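Structure file my_file-v3.cif (mmCIF, C-alpha atoms (C1' of nucleotides)) follows.
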```
data_coords
loop_
_atom_site.label_atom_id
_atom_site.label_comp_id
_atom_site.auth_asym_id
_atom_site.auth_seq_id
_atom_site.Cartn_x
_atom_site.Cartn_y
_atom_site.Cartn_z
CA MET A 656 -26.74 -59.66 46.55
CA PRO A 657 -24.43 -61.30 44.00
CA SER A 658 -26.51 -60.00 41.10
CA SER A 659 -26.42 -56.27 41.89
CA ARG A 660 -22.80 -55.89 40.88
CA PRO A 661 -20.20 -58.33 39.52
CA LEU A 662 -18.27 -58.60 42.82
CA ARG A 663 -14.71 -57.47 42.92
CA ALA A 664 -12.00 -59.93 42.00
CA ASP A 665 -10.49 -60.24 45.47
CA ALA A 666 -13.93 -60.57 47.00
CA ARG A 667 -14.84 -63.43 44.70
CA ARG A 668 -11.53 -65.14 45.46
CA ASN A 669 -12.12 -64.91 49.18
CA ARG A 670 -15.70 -66.05 48.89
CA GLU A 671 -14.58 -69.13 47.03
CA ALA A 672 -11.78 -69.81 49.46
CA LEU A 673 -14.29 -69.65 52.30
CA LEU A 674 -16.67 -72.03 50.58
CA ALA A 675 -13.83 -74.44 49.86
CA ALA A 676 -12.62 -74.32 53.44
CA ALA A 677 -16.12 -74.80 54.77
CA ARG A 678 -16.71 -77.69 52.41
CA ASP A 679 -13.53 -79.36 53.58
CA ALA A 680 -14.61 -78.99 57.17
CA PHE A 681 -18.31 -79.81 56.89
CA LEU A 682 -18.10 -82.67 54.41
CA GLY A 683 -15.30 -84.12 56.48
CA ASP A 684 -15.65 -84.95 60.10
CA ASP A 685 -15.63 -81.52 61.57
CA THR A 686 -19.34 -80.85 61.30
CA ASP A 687 -19.30 -78.15 63.91
CA ALA A 688 -16.10 -76.46 62.87
CA HIS A 689 -15.82 -73.02 64.39
CA VAL A 690 -16.19 -70.03 62.11
CA GLU A 691 -12.78 -68.89 63.26
CA GLU A 692 -11.24 -72.15 62.10
CA ILE A 693 -12.94 -71.91 58.72
CA ALA A 694 -11.76 -68.34 58.24
CA ARG A 695 -8.25 -69.38 59.20
CA ARG A 696 -8.25 -72.24 56.70
CA ALA A 697 -9.45 -69.88 54.00
CA GLY A 698 -6.71 -67.42 54.91
CA VAL A 699 -9.05 -64.57 55.75
CA ALA A 700 -10.27 -62.90 58.93
CA ILE A 701 -13.59 -63.49 60.64
CA GLY A 702 -14.93 -60.17 59.50
CA THR A 703 -14.43 -61.21 55.90
CA LEU A 704 -16.37 -64.38 56.48
CA TYR A 705 -19.26 -62.39 57.88
CA ARG A 706 -19.12 -59.95 54.99
CA HIS A 707 -19.90 -62.82 52.67
CA PHE A 708 -22.25 -64.89 54.80
CA GLU A 709 -24.94 -63.50 57.05
CA THR A 710 -24.49 -66.22 59.67
CA ARG A 711 -22.68 -69.48 60.17
CA GLU A 712 -25.82 -71.27 59.04
CA ALA A 713 -25.98 -69.35 55.79
CA LEU A 714 -22.51 -70.62 55.00
CA VAL A 715 -23.56 -74.15 55.82
CA GLU A 716 -26.52 -73.87 53.52
CA GLU A 717 -24.42 -72.58 50.67
CA VAL A 718 -22.00 -75.47 51.03
CA TYR A 719 -24.70 -78.09 50.85
CA ARG A 720 -26.77 -76.54 48.10
CA LYS A 721 -24.52 -77.97 45.43
CA GLU A 722 -24.88 -81.50 46.80
CA VAL A 723 -28.63 -81.16 46.92
CA ASP A 724 -28.73 -79.78 43.39
CA GLU A 725 -26.82 -82.76 42.13
CA LEU A 726 -29.05 -85.18 43.96
CA CYS A 727 -32.21 -83.54 42.70
CA ALA A 728 -31.01 -83.58 39.12
CA ALA A 729 -31.00 -87.37 39.08
CA PRO A 730 -34.72 -88.21 38.66
CA GLY A 731 -34.88 -86.74 35.17
CA GLU A 732 -32.57 -89.38 33.84
CA LEU A 733 -33.84 -92.10 36.14
CA LEU A 734 -37.37 -91.66 34.84
CA ASP A 735 -36.10 -91.85 31.27
CA HIS A 736 -34.52 -95.22 31.81
CA HIS A 737 -36.65 -96.95 34.43
CA ALA A 738 -40.22 -97.57 35.46
CA PRO A 739 -41.31 -95.00 38.08
CA ASP A 740 -41.18 -97.31 41.07
CA GLU A 741 -37.73 -98.51 40.06
CA ALA A 742 -36.66 -94.91 39.53
CA LEU A 743 -37.86 -94.09 43.02
CA ARG A 744 -36.00 -97.07 44.45
CA ARG A 745 -32.79 -95.95 42.82
CA PHE A 746 -33.30 -92.38 43.94
CA LEU A 747 -33.66 -93.49 47.54
CA LEU A 748 -30.42 -95.44 47.30
CA LEU A 749 -28.77 -92.40 45.78
CA LEU A 750 -29.91 -90.46 48.80
CA VAL A 751 -28.23 -93.00 51.07
CA ASP A 752 -25.03 -92.69 49.07
CA HIS A 753 -25.10 -88.93 49.36
CA ALA A 754 -25.65 -89.18 53.07
CA ALA A 755 -22.56 -91.35 53.08
CA VAL A 756 -20.38 -88.60 51.64
CA GLY A 757 -19.50 -87.55 55.15
CA LYS A 758 -20.90 -86.96 58.54
CA GLY A 759 -21.48 -83.37 57.57
CA MET A 760 -23.58 -84.22 54.56
CA ALA A 761 -25.65 -86.57 56.68
CA VAL A 762 -26.22 -83.86 59.22
CA ALA A 763 -27.22 -81.42 56.51
CA LEU A 764 -29.64 -83.87 54.94
CA GLU A 765 -31.05 -84.47 58.37
CA SER A 766 -31.60 -80.76 58.85
CA ILE A 767 -33.20 -80.52 55.45
CA THR A 768 -35.55 -83.43 55.94
CA ALA A 769 -36.21 -83.44 59.63
CA THR A 770 -36.38 -79.86 60.81
CA ASP A 771 -38.23 -76.88 59.53
CA SER A 772 -35.31 -74.54 59.86
CA PRO A 773 -35.84 -71.73 57.37
CA VAL A 774 -32.18 -72.03 56.49
CA PHE A 775 -32.97 -75.08 54.42
CA ASP A 776 -36.29 -73.94 52.99
CA ASN A 777 -34.97 -73.93 49.46
CA ALA A 778 -33.26 -77.27 49.67
CA ARG A 779 -36.29 -78.79 51.32
CA ALA A 780 -38.67 -77.52 48.65
CA GLN A 781 -36.37 -78.79 45.94
CA MET A 782 -36.16 -82.26 47.46
CA ALA A 783 -39.90 -82.40 48.02
CA ASN A 784 -40.56 -81.45 44.42
CA THR A 785 -38.18 -84.11 43.23
CA LEU A 786 -39.93 -86.76 45.29
CA THR A 787 -43.34 -85.54 44.17
CA ARG A 788 -42.25 -85.96 40.60
CA LEU A 789 -41.24 -89.58 41.19
CA LEU A 790 -44.36 -90.35 43.19
CA ASP A 791 -46.65 -88.83 40.59
CA ALA A 792 -45.08 -90.85 37.83
CA GLY A 793 -45.53 -94.02 39.88
CA ALA A 794 -49.11 -93.15 40.75
CA ARG A 795 -49.95 -92.61 37.09
CA ALA A 796 -48.39 -95.96 36.25
CA GLY A 797 -50.37 -97.57 39.07
CA THR A 798 -47.27 -99.08 40.68
CA LEU A 799 -47.09 -96.69 43.63
CA ARG A 800 -49.82 -95.59 45.97
CA ASP A 801 -51.14 -92.14 45.19
CA ASP A 802 -51.91 -90.95 48.70
CA VAL A 803 -48.40 -90.01 49.80
CA THR A 804 -46.98 -86.61 48.91
CA GLY A 805 -43.40 -85.54 48.33
CA PRO A 806 -43.12 -83.54 51.56
CA THR A 807 -44.42 -86.50 53.53
CA LEU A 808 -41.94 -88.90 52.03
CA LEU A 809 -39.22 -86.35 52.63
CA ARG A 810 -40.06 -86.37 56.32
CA ALA A 811 -39.99 -90.13 56.34
CA LEU A 812 -36.48 -90.07 54.95
CA GLY A 813 -35.22 -88.08 57.91
CA GLY A 814 -34.40 -91.24 59.77
CA ILE A 815 -32.09 -92.39 57.04
CA CYS A 816 -30.18 -89.19 56.81
CA ALA A 817 -29.74 -88.88 60.52
CA MET A 818 -27.82 -92.10 60.72
CA ARG A 819 -24.12 -92.00 61.06
CA ALA A 820 -21.09 -93.19 62.90
CA THR A 821 -22.59 -96.51 63.81
CA GLU A 822 -21.07 -99.72 62.53
CA GLY A 823 -22.86 -100.88 59.42
CA TRP A 824 -25.20 -97.93 59.24
CA GLN A 825 -25.21 -97.95 55.47
CA ALA A 826 -26.75 -101.39 55.25
CA GLU A 827 -29.32 -100.26 57.76
CA ALA A 828 -30.05 -97.16 55.72
CA ARG A 829 -30.57 -99.18 52.56
CA GLN A 830 -32.94 -101.39 54.43
CA ILE A 831 -35.03 -98.45 55.60
CA ALA A 832 -35.12 -97.12 52.06
CA ALA A 833 -36.36 -100.53 50.92
CA LEU A 834 -38.93 -100.55 53.70
CA LEU A 835 -40.38 -97.25 52.60
CA HIS A 836 -40.28 -98.34 49.00
CA ASP A 837 -42.20 -101.47 49.84
CA GLY A 838 -44.65 -99.43 51.86
CA LEU A 839 -45.24 -97.24 48.83
CA ARG A 840 -45.86 -100.22 46.58
CA PHE A 841 -48.03 -102.09 49.05
CA GLY A 842 -51.63 -101.87 48.00
CA ALA A 843 -50.94 -99.94 44.79
CA PRO A 844 -53.30 -100.88 41.94
CA ARG A 845 -50.63 -102.85 40.09
CA ALA A 846 -48.42 -103.83 43.01
CA THR A 847 -45.73 -106.27 41.99
CA MET B 1253 -25.59 -90.71 93.32
CA PRO B 1254 -29.12 -90.73 94.71
CA SER B 1255 -28.63 -94.20 96.17
CA SER B 1256 -25.66 -93.52 98.41
CA ARG B 1257 -27.68 -91.48 100.89
CA PRO B 1258 -31.37 -90.56 101.12
CA LEU B 1259 -30.88 -86.94 99.99
CA ARG B 1260 -31.73 -84.18 102.37
CA ALA B 1261 -35.32 -82.93 102.44
CA ASP B 1262 -34.62 -79.49 101.01
CA ALA B 1263 -32.42 -81.01 98.34
CA ARG B 1264 -35.17 -83.39 97.24
CA ARG B 1265 -37.64 -80.53 97.16
CA ASN B 1266 -35.39 -78.44 94.98
CA ARG B 1267 -34.62 -81.34 92.71
CA GLU B 1268 -38.29 -81.88 92.12
CA ALA B 1269 -38.97 -78.20 91.61
CA LEU B 1270 -36.25 -78.17 88.99
CA LEU B 1271 -37.66 -81.16 87.19
CA ALA B 1272 -41.14 -79.66 87.27
CA ALA B 1273 -39.90 -76.34 85.93
CA ALA B 1274 -37.90 -78.07 83.22
CA ARG B 1275 -40.86 -80.22 82.26
CA ASP B 1276 -43.05 -77.14 81.95
CA ALA B 1277 -40.49 -75.51 79.72
CA PHE B 1278 -39.45 -78.45 77.58
CA LEU B 1279 -42.82 -80.08 77.11
CA GLY B 1280 -44.22 -76.69 76.28
CA ASP B 1281 -42.87 -74.55 73.51
CA ASP B 1282 -39.66 -73.39 75.05
CA THR B 1283 -37.52 -76.27 73.92
CA ASP B 1284 -34.33 -74.36 74.34
CA ALA B 1285 -35.13 -72.65 77.59
CA HIS B 1286 -32.01 -71.31 79.24
CA VAL B 1287 -30.81 -73.01 82.40
CA GLU B 1288 -31.07 -69.67 84.15
CA GLU B 1289 -34.74 -69.42 83.26
CA ILE B 1290 -35.40 -72.94 84.50
CA ALA B 1291 -33.63 -72.27 87.77
CA ARG B 1292 -35.60 -69.06 88.19
CA ARG B 1293 -38.89 -70.83 87.61
CA ALA B 1294 -37.91 -73.45 90.17
CA GLY B 1295 -37.00 -70.71 92.61
CA VAL B 1296 -33.39 -71.78 93.01
CA ALA B 1297 -30.04 -70.51 91.81
CA ILE B 1298 -28.02 -71.83 88.91
CA GLY B 1299 -25.52 -73.43 91.24
CA THR B 1300 -28.28 -75.53 92.74
CA LEU B 1301 -29.38 -76.68 89.33
CA TYR B 1302 -25.87 -77.82 88.57
CA ARG B 1303 -25.59 -79.58 91.89
CA HIS B 1304 -28.44 -81.82 90.82
CA PHE B 1305 -27.75 -82.19 87.13
CA GLU B 1306 -24.34 -82.60 85.61
CA THR B 1307 -25.25 -80.61 82.50
CA ARG B 1308 -28.25 -79.08 80.82
CA GLU B 1309 -28.56 -82.23 78.72
CA ALA B 1310 -28.68 -84.45 81.79
CA LEU B 1311 -31.67 -82.47 82.98
CA VAL B 1312 -33.31 -82.85 79.60
CA GLU B 1313 -32.77 -86.57 79.65
CA GLU B 1314 -34.27 -86.91 83.10
CA VAL B 1315 -37.36 -85.00 82.04
CA TYR B 1316 -38.00 -87.22 79.06
CA ARG B 1317 -37.20 -90.53 80.66
CA LYS B 1318 -40.63 -90.76 82.19
CA GLU B 1319 -42.36 -90.21 78.87
CA VAL B 1320 -40.24 -92.88 77.25
CA ASP B 1321 -40.89 -95.30 80.08
CA GLU B 1322 -44.59 -94.85 79.66
CA LEU B 1323 -44.40 -95.32 75.94
CA CYS B 1324 -42.29 -98.44 76.22
CA ALA B 1325 -44.63 -100.00 78.74
CA ALA B 1326 -47.41 -100.16 76.16
CA PRO B 1327 -46.45 -103.19 74.02
CA GLY B 1328 -46.99 -105.65 76.86
CA GLU B 1329 -50.67 -104.92 76.92
CA LEU B 1330 -50.93 -104.38 73.18
CA LEU B 1331 -49.54 -107.83 72.49
CA ASP B 1332 -52.02 -109.34 74.93
CA HIS B 1333 -54.99 -107.92 73.09
CA HIS B 1334 -53.94 -107.75 69.44
CA ALA B 1335 -52.18 -109.69 66.73
CA PRO B 1336 -48.53 -108.64 66.54
CA ASP B 1337 -48.81 -106.60 63.38
CA GLU B 1338 -51.83 -104.78 64.75
CA ALA B 1339 -49.98 -104.24 68.04
CA LEU B 1340 -47.11 -102.72 66.10
CA ARG B 1341 -49.49 -100.48 64.17
CA ARG B 1342 -50.99 -99.20 67.37
CA PHE B 1343 -47.62 -98.70 68.96
CA LEU B 1344 -46.50 -96.56 66.05
CA LEU B 1345 -49.61 -94.42 66.40
CA LEU B 1346 -48.91 -94.14 70.11
CA LEU B 1347 -45.49 -92.86 69.23
CA VAL B 1348 -47.05 -90.18 67.06
CA ASP B 1349 -49.32 -89.17 69.92
CA HIS B 1350 -46.39 -88.90 72.28
CA ALA B 1351 -44.51 -86.80 69.79
CA ALA B 1352 -47.60 -84.59 69.78
CA VAL B 1353 -47.35 -83.87 73.51
CA GLY B 1354 -45.28 -80.85 72.72
CA LYS B 1355 -42.53 -79.51 70.58
CA GLY B 1356 -40.10 -80.50 73.28
CA MET B 1357 -41.16 -84.10 73.37
CA ALA B 1358 -40.86 -84.28 69.61
CA VAL B 1359 -37.37 -82.88 69.80
CA ALA B 1360 -36.44 -85.38 72.48
CA LEU B 1361 -37.80 -88.29 70.51
CA GLU B 1362 -35.90 -87.02 67.55
CA SER B 1363 -32.70 -86.98 69.53
CA ILE B 1364 -33.41 -90.45 70.80
CA THR B 1365 -34.13 -91.93 67.42
CA ALA B 1366 -32.04 -89.90 65.08
CA THR B 1367 -28.78 -89.13 66.81
CA ASP B 1368 -26.30 -91.24 68.63
CA SER B 1369 -25.88 -88.83 71.47
CA PRO B 1370 -24.82 -90.81 74.54
CA VAL B 1371 -27.25 -88.75 76.57
CA PHE B 1372 -30.07 -90.82 75.20
CA ASP B 1373 -28.35 -94.20 75.18
CA ASN B 1374 -30.71 -95.63 77.75
CA ALA B 1375 -33.86 -94.32 76.16
CA ARG B 1376 -32.69 -95.47 72.77
CA ALA B 1377 -31.92 -98.99 73.94
CA GLN B 1378 -35.27 -99.20 75.67
CA MET B 1379 -37.16 -98.12 72.59
CA ALA B 1380 -35.17 -100.46 70.36
CA ASN B 1381 -35.93 -103.38 72.67
CA THR B 1382 -39.58 -102.53 72.65
CA LEU B 1383 -39.67 -102.49 68.87
CA THR B 1384 -37.68 -105.71 68.66
CA ARG B 1385 -40.23 -107.34 70.86
CA LEU B 1386 -43.07 -106.33 68.55
CA LEU B 1387 -41.18 -107.27 65.41
CA ASP B 1388 -40.22 -110.68 66.77
CA ALA B 1389 -43.80 -111.46 67.66
CA GLY B 1390 -44.89 -110.49 64.16
CA ALA B 1391 -42.12 -112.49 62.53
CA ARG B 1392 -43.09 -115.59 64.51
CA ALA B 1393 -46.70 -115.09 63.42
CA GLY B 1394 -45.55 -114.68 59.84
CA THR B 1395 -47.35 -111.37 59.42
CA LEU B 1396 -44.27 -109.16 59.51
CA ARG B 1397 -41.02 -109.54 57.65
CA ASP B 1398 -38.23 -110.94 59.78
CA ASP B 1399 -35.29 -109.06 58.32
CA VAL B 1400 -35.76 -105.72 60.05
CA THR B 1401 -34.41 -105.19 63.55
CA GLY B 1402 -35.64 -102.93 66.32
CA PRO B 1403 -32.76 -100.47 66.06
CA THR B 1404 -33.31 -100.18 62.32
CA LEU B 1405 -36.99 -99.45 62.72
CA LEU B 1406 -36.15 -96.97 65.44
CA ARG B 1407 -33.98 -95.06 62.99
CA ALA B 1408 -36.75 -95.13 60.45
CA LEU B 1409 -39.06 -93.49 62.94
CA GLY B 1410 -36.77 -90.51 63.26
CA GLY B 1411 -38.61 -88.75 60.50
CA ILE B 1412 -41.88 -88.97 62.35
CA CYS B 1413 -40.56 -87.61 65.58
CA ALA B 1414 -38.75 -84.77 63.95
CA MET B 1415 -41.94 -83.34 62.57
CA ARG B 1416 -43.47 -80.37 64.26
CA ALA B 1417 -44.90 -76.90 63.90
CA THR B 1418 -46.15 -77.50 60.39
CA GLU B 1419 -49.83 -77.34 59.65
CA GLY B 1420 -51.33 -80.82 59.67
CA TRP B 1421 -48.13 -82.57 60.66
CA GLN B 1422 -49.96 -85.14 62.72
CA ALA B 1423 -51.87 -86.53 59.75
CA GLU B 1424 -48.59 -86.67 57.91
CA ALA B 1425 -46.97 -88.50 60.80
CA ARG B 1426 -49.71 -91.08 60.91
CA GLN B 1427 -49.29 -91.64 57.22
CA ILE B 1428 -45.59 -92.25 57.57
CA ALA B 1429 -46.26 -94.70 60.38
CA ALA B 1430 -48.71 -96.48 58.08
CA LEU B 1431 -46.15 -96.46 55.31
CA LEU B 1432 -43.57 -98.18 57.47
CA HIS B 1433 -46.16 -100.58 58.75
CA ASP B 1434 -47.11 -101.53 55.21
CA GLY B 1435 -43.47 -101.88 54.31
CA LEU B 1436 -43.04 -104.30 57.20
CA ARG B 1437 -46.00 -106.39 56.09
CA PHE B 1438 -45.13 -106.34 52.41
CA GLY B 1439 -43.75 -109.71 51.39
CA ALA B 1440 -44.22 -111.27 54.81
CA PRO B 1441 -45.14 -115.00 54.58
CA ARG B 1442 -48.74 -114.36 55.55
CA ALA B 1443 -49.12 -110.81 54.35
CA THR B 1444 -52.69 -109.58 54.52
"C1'" DT C 418 -32.96 -78.14 123.21
"C1'" DA C 419 -28.43 -77.14 121.63
"C1'" DC C 420 -24.38 -78.21 118.87
"C1'" DA C 421 -21.53 -79.53 115.03
"C1'" DC C 422 -20.76 -80.35 110.58
"C1'" DA C 423 -21.70 -82.31 106.28
"C1'" DA C 424 -24.69 -81.25 102.83
"C1'" DA C 425 -26.91 -77.93 100.08
"C1'" DC C 426 -27.43 -73.16 98.34
"C1'" DG C 427 -26.29 -68.80 95.94
"C1'" DG C 428 -24.66 -66.06 92.43
"C1'" DA C 429 -20.68 -63.53 90.76
"C1'" DG C 430 -17.28 -64.96 87.71
"C1'" DT C 431 -15.03 -67.81 83.88
"C1'" DC C 432 -14.98 -69.54 79.42
"C1'" DG C 433 -16.00 -70.49 74.76
"C1'" DG C 434 -18.02 -69.40 70.53
"C1'" DA C 435 -20.97 -66.65 67.36
"C1'" DC C 436 -21.22 -62.19 65.72
"C1'" DT C 437 -20.15 -56.65 65.22
"C1'" DC C 438 -17.95 -52.33 64.11
"C1'" DA C 439 -14.75 -48.64 63.31
"C1'" DC C 440 -10.78 -48.25 60.89
"C1'" DA C 441 -7.20 -49.68 57.34
"C1'" DT C 442 -6.48 -51.38 52.77
"C1'" DT C 443 -7.09 -51.92 47.89
"C1'" DA C 444 -9.25 -52.84 43.27
"C1'" DG C 445 -10.24 -50.74 39.25
"C1'" DG C 446 -12.96 -46.97 36.53
"C1'" DG C 447 -11.91 -42.41 34.79
"C1'" DC D 852 -2.13 -41.98 38.73
"C1'" DC D 853 -5.95 -40.84 41.81
"C1'" DC D 854 -10.18 -41.28 44.02
"C1'" DT D 855 -13.54 -43.72 46.21
"C1'" DA D 856 -16.50 -47.27 47.11
"C1'" DA D 857 -15.92 -51.93 48.00
"C1'" DT D 858 -13.49 -55.00 50.79
"C1'" DG D 859 -10.63 -56.78 54.61
"C1'" DT D 860 -9.33 -56.80 59.50
"C1'" DG D 861 -9.46 -58.51 64.30
"C1'" DA D 862 -10.13 -56.69 68.85
"C1'" DG D 863 -14.19 -56.39 71.26
"C1'" DT D 864 -19.22 -57.46 72.53
"C1'" DC D 865 -22.73 -60.48 73.71
"C1'" DC D 866 -24.80 -64.43 75.36
"C1'" DG D 867 -25.36 -68.71 77.42
"C1'" DA D 868 -23.48 -72.89 79.63
"C1'" DC D 869 -20.88 -74.05 83.43
"C1'" DT D 870 -17.57 -73.43 87.96
"C1'" DC D 871 -16.07 -72.14 92.52
"C1'" DC D 872 -16.09 -71.02 96.98
"C1'" DG D 873 -18.08 -68.45 100.83
"C1'" DT D 874 -22.65 -68.71 103.25
"C1'" DT D 875 -26.69 -71.01 104.97
"C1'" DT D 876 -29.33 -74.91 106.66
"C1'" DG D 877 -31.01 -79.60 107.73
"C1'" DT D 878 -30.28 -83.29 110.81
"C1'" DG D 879 -27.99 -86.92 113.77
"C1'" DT D 880 -26.21 -86.82 118.40
"C1'" DA D 881 -25.72 -85.65 123.32
#
```
Produce C-alpha cells that represent the structure in this file.
Amino acid sequence: MPSSRPLRADARRNREALLAAARDAFLGDDTDAHVEEIARRAGVAIGTLYRHFETREALVEEVYRKEVDELCAAPGELLDHHAPDEALRRFLLLLVDHAAVGKGMAVALESITATDSPVFDNARAQMANTLTRLLDAGARAGTLRDDVTGPTLLRALGGICAMRATEGWQAEARQIAALLHDGLRFGAPRAT
Amino acid sequence: MPSSRPLRADARRNREALLAAARDAFLGDDTDAHVEEIARRAGVAIGTLYRHFETREALVEEVYRKEVDELCAAPGELLDHHAPDEALRRFLLLLVDHAAVGKGMAVALESITATDSPVFDNARAQMANTLTRLLDAGARAGTLRDDVTGPTLLRALGGICAMRATEGWQAEARQIAALLHDGLRFGAPRAT
DNA sequence: TACACAAACGGAGTCGGACTCACATTAGGG
DNA sequence: CCCTAATGTGAGTCCGACTCCGTTTGTGTA
C-alpha cells in the first residue's frame, strides 16, 4: 500500500533502515537471520518490522527484487551487441555472477527458480520473460532450438543457483551454464 | 547403533511403523508433516520417535534412502544393454520418474542435488558416483564429452528435481533432461 | 514359571523463533 | 499549537521440534 498515501517521513526512514539491515544480513552469510536480529540492526522494534512487511518472506522478497531487476535488465543491451546465442551465453554467466554475490542471493535465486513459492511469483515471471526473449531471438536466428520455453530453462537453471559453499563451485556453475547452452544449440538449424 | 545389539522385538516393530507412517506422509503430499502427526499415525508417542531417529531430518533421510538406492542400482543394467550415452539418457528419465513418485520424493531429490546439507551426504555421494560411472563410460566411447564430472551433473539436475505441482511439469522435466543430455553430447569426439 | 533389569515407551514440559495486539508516541495538516 | 491518524513498541501468543525422567515391558537366566 505504498501508493495510497506518501508514507510519513519516519515510516519511510524505518522502512529503508529495515531493508538495508535485511540486505546486509541476507546478501552476507546470515541467510536465515532472525527477524529480531534484523529489527535490532535497523534500530527498530519487531512490531515496526511487521508493520512494514507482512511476513519474514515478504521482506526477503523485497530485498532480492532489486537484484533480479538488475539481472533482467541486461538482455536488452546484450541483444543489441551480440548474436542471440552469444547473448544468452553471456546472460547465463551473468546469472552465475549474481548467484556469487553471496550465499543469500544464491538461496534467493534458488527459491525463484526451483520452487513455486508464491512469494517469488513476480521475480520468477520476470526471469522467465527475460529468458523467453533471449530464446525467441535465438530461435528466429536459427542458432537456438525453438522447442524450449523460458520457464523451462528457468527451472533448468535451478541447479546452478542452488550451488554454494563448496570449493570451486563457481567453475562448476559456469560449466553447467555452458552445458545448457550447448544443449540449446545442439540440433538448431544453424548450429555452430 | 542398530548393529550393537539385535534390537528388541517391540522396538523393531515401532521403528518400522514409524518408517511406514513417515513414508506415507512424505511420499504423499504432506511433505512437511509434523513429527507429532507421524508418531500418531505410527501409534507411538513422540518420545519413541526420537528414540529411533535423532532428528526429524534423520527420519526423512532414512525414508528416502531406499528410493535412492533403487535409482542408483539402475545403471549397472542400463550399461549392459545400451550404449553409454543412451544409458545416461535413460537414467535421466528414470530420475524424472522417481521425482514424480510424489511431492516428497521431489523435495528429497532436490535436497540431495541442490543443497549441501550433511543429512544427504551419503545419498549425494551415491548419486554422484552413479553419474560418474555413466559419464566415464560415455567418455571412453567418445560419445559424451569428458570434461563434466558426476557431481557437476548432479548439481545440474537440481532444477529437474525441484519441479512439482505445476501443470505439465513432467514434460518440462523430460525436456530439461534432454537438454542436458544434448549438452553432454555436443562437441563429443563422436557426437551423433 | 518367575524374577530382574536393561531396554523401550509415554507425554508433559522446554525452548526457540515467527508473528500479534493493545497501548504509547509522534509527524504534520489546519 | 493542537488534534488525530499514522506509526512505533515489545511483552506475549502460538506452534512445532526436541528433551527428560518416571513408567512399562520384553527377554535372558535360574
field: Proximal residues of chain B relative to chain A (all atoms listed in the file; 10 Å) as number ranges by chain
entry: B: 1359, 1362-1363, 1365-1368, 1399-1401, 1403-1418, 1421, 1423-1425, 1427-1439
message: Could you tell me which residues of chain C sit within 9 Å of chain B when counting all atoms listed in the file, and give me the result as an MDAnalysis selection string?
response: chainID C and resid 424:428
Go ahead and save the picked residues with C-alpha atoms (C1' of nucleotides), as a CSV table (one decimal), in the frame of the given file.
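File again_34.csv, as written:
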```csv
chain,number,residue,atom,x,y,z
C,424,DA,C1',-24.7,-81.2,102.8
C,425,DA,C1',-26.9,-77.9,100.1
C,426,DC,C1',-27.4,-73.2,98.3
C,427,DG,C1',-26.3,-68.8,95.9
C,428,DG,C1',-24.7,-66.1,92.4
```
task: Find the residues in chain D near chain B: any atom within 12 Å counts, using all atoms listed in the file. Write them as a list in words.
output: DC866, DG867, DA868, DC869, DT870, DC871, DC872, DT876, DG877 and DT878 of chain D
field: Residues matched by the PyMOL selection byres ((chain D and resi 862) around 12), written as a VMD selection string
entry: (chain A and resid 700 to 702) or (chain C and resid 437 to 440) or (chain D and resid 860 to 861 863 to 864)
Based on the selection just made, write C-alpha atoms (C1' of nucleotides) of those residues as a PDB file, in the coordinates of the input.
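again.pdb written:
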```pdb
ATOM      1  CA  ALA A 700     -10.270 -62.900  58.930  1.00  0.00           C
ATOM      2  CA  ILE A 701     -13.590 -63.490  60.640  1.00  0.00           C
ATOM      3  CA  GLY A 702     -14.930 -60.170  59.500  1.00  0.00           C
TER       4      GLY A 702
ATOM      5  C1'  DT C 437     -20.150 -56.650  65.220  1.00  0.00           C
ATOM      6  C1'  DC C 438     -17.950 -52.330  64.110  1.00  0.00           C
ATOM      7  C1'  DA C 439     -14.750 -48.640  63.310  1.00  0.00           C
ATOM      8  C1'  DC C 440     -10.780 -48.250  60.890  1.00  0.00           C
TER       9       DC C 440
ATOM     10  C1'  DT D 860      -9.330 -56.800  59.500  1.00  0.00           C
ATOM     11  C1'  DG D 861      -9.460 -58.510  64.300  1.00  0.00           C
ATOM     12  C1'  DG D 863     -14.190 -56.390  71.260  1.00  0.00           C
ATOM     13  C1'  DT D 864     -19.220 -57.460  72.530  1.00  0.00           C
TER      14       DT D 864
END
```
- request: Name every residue that the PyMOL selection byres ((chain C and resi 446) around 12) selects in this structure, writing the answer as a ChimeraX atom specification with chains first and numbers rising.
  value: /C:444-445,447 /D:853-856
field: Residues within 9 Å of B:Ala1339, only C-alpha atoms (C1' of nucleotides), excluding chain neighbours under 6 positions, as a list of chain:residue names
entry: B:Pro1327, B:Glu1329, B:Leu1330, B:Leu1331, B:Asp1332, B:His1333, B:Leu1386, B:Gly1390
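Across the model, the gap from atom CA of A:Gly797 to atom CA of A:Arg845 is 5.4 Å.
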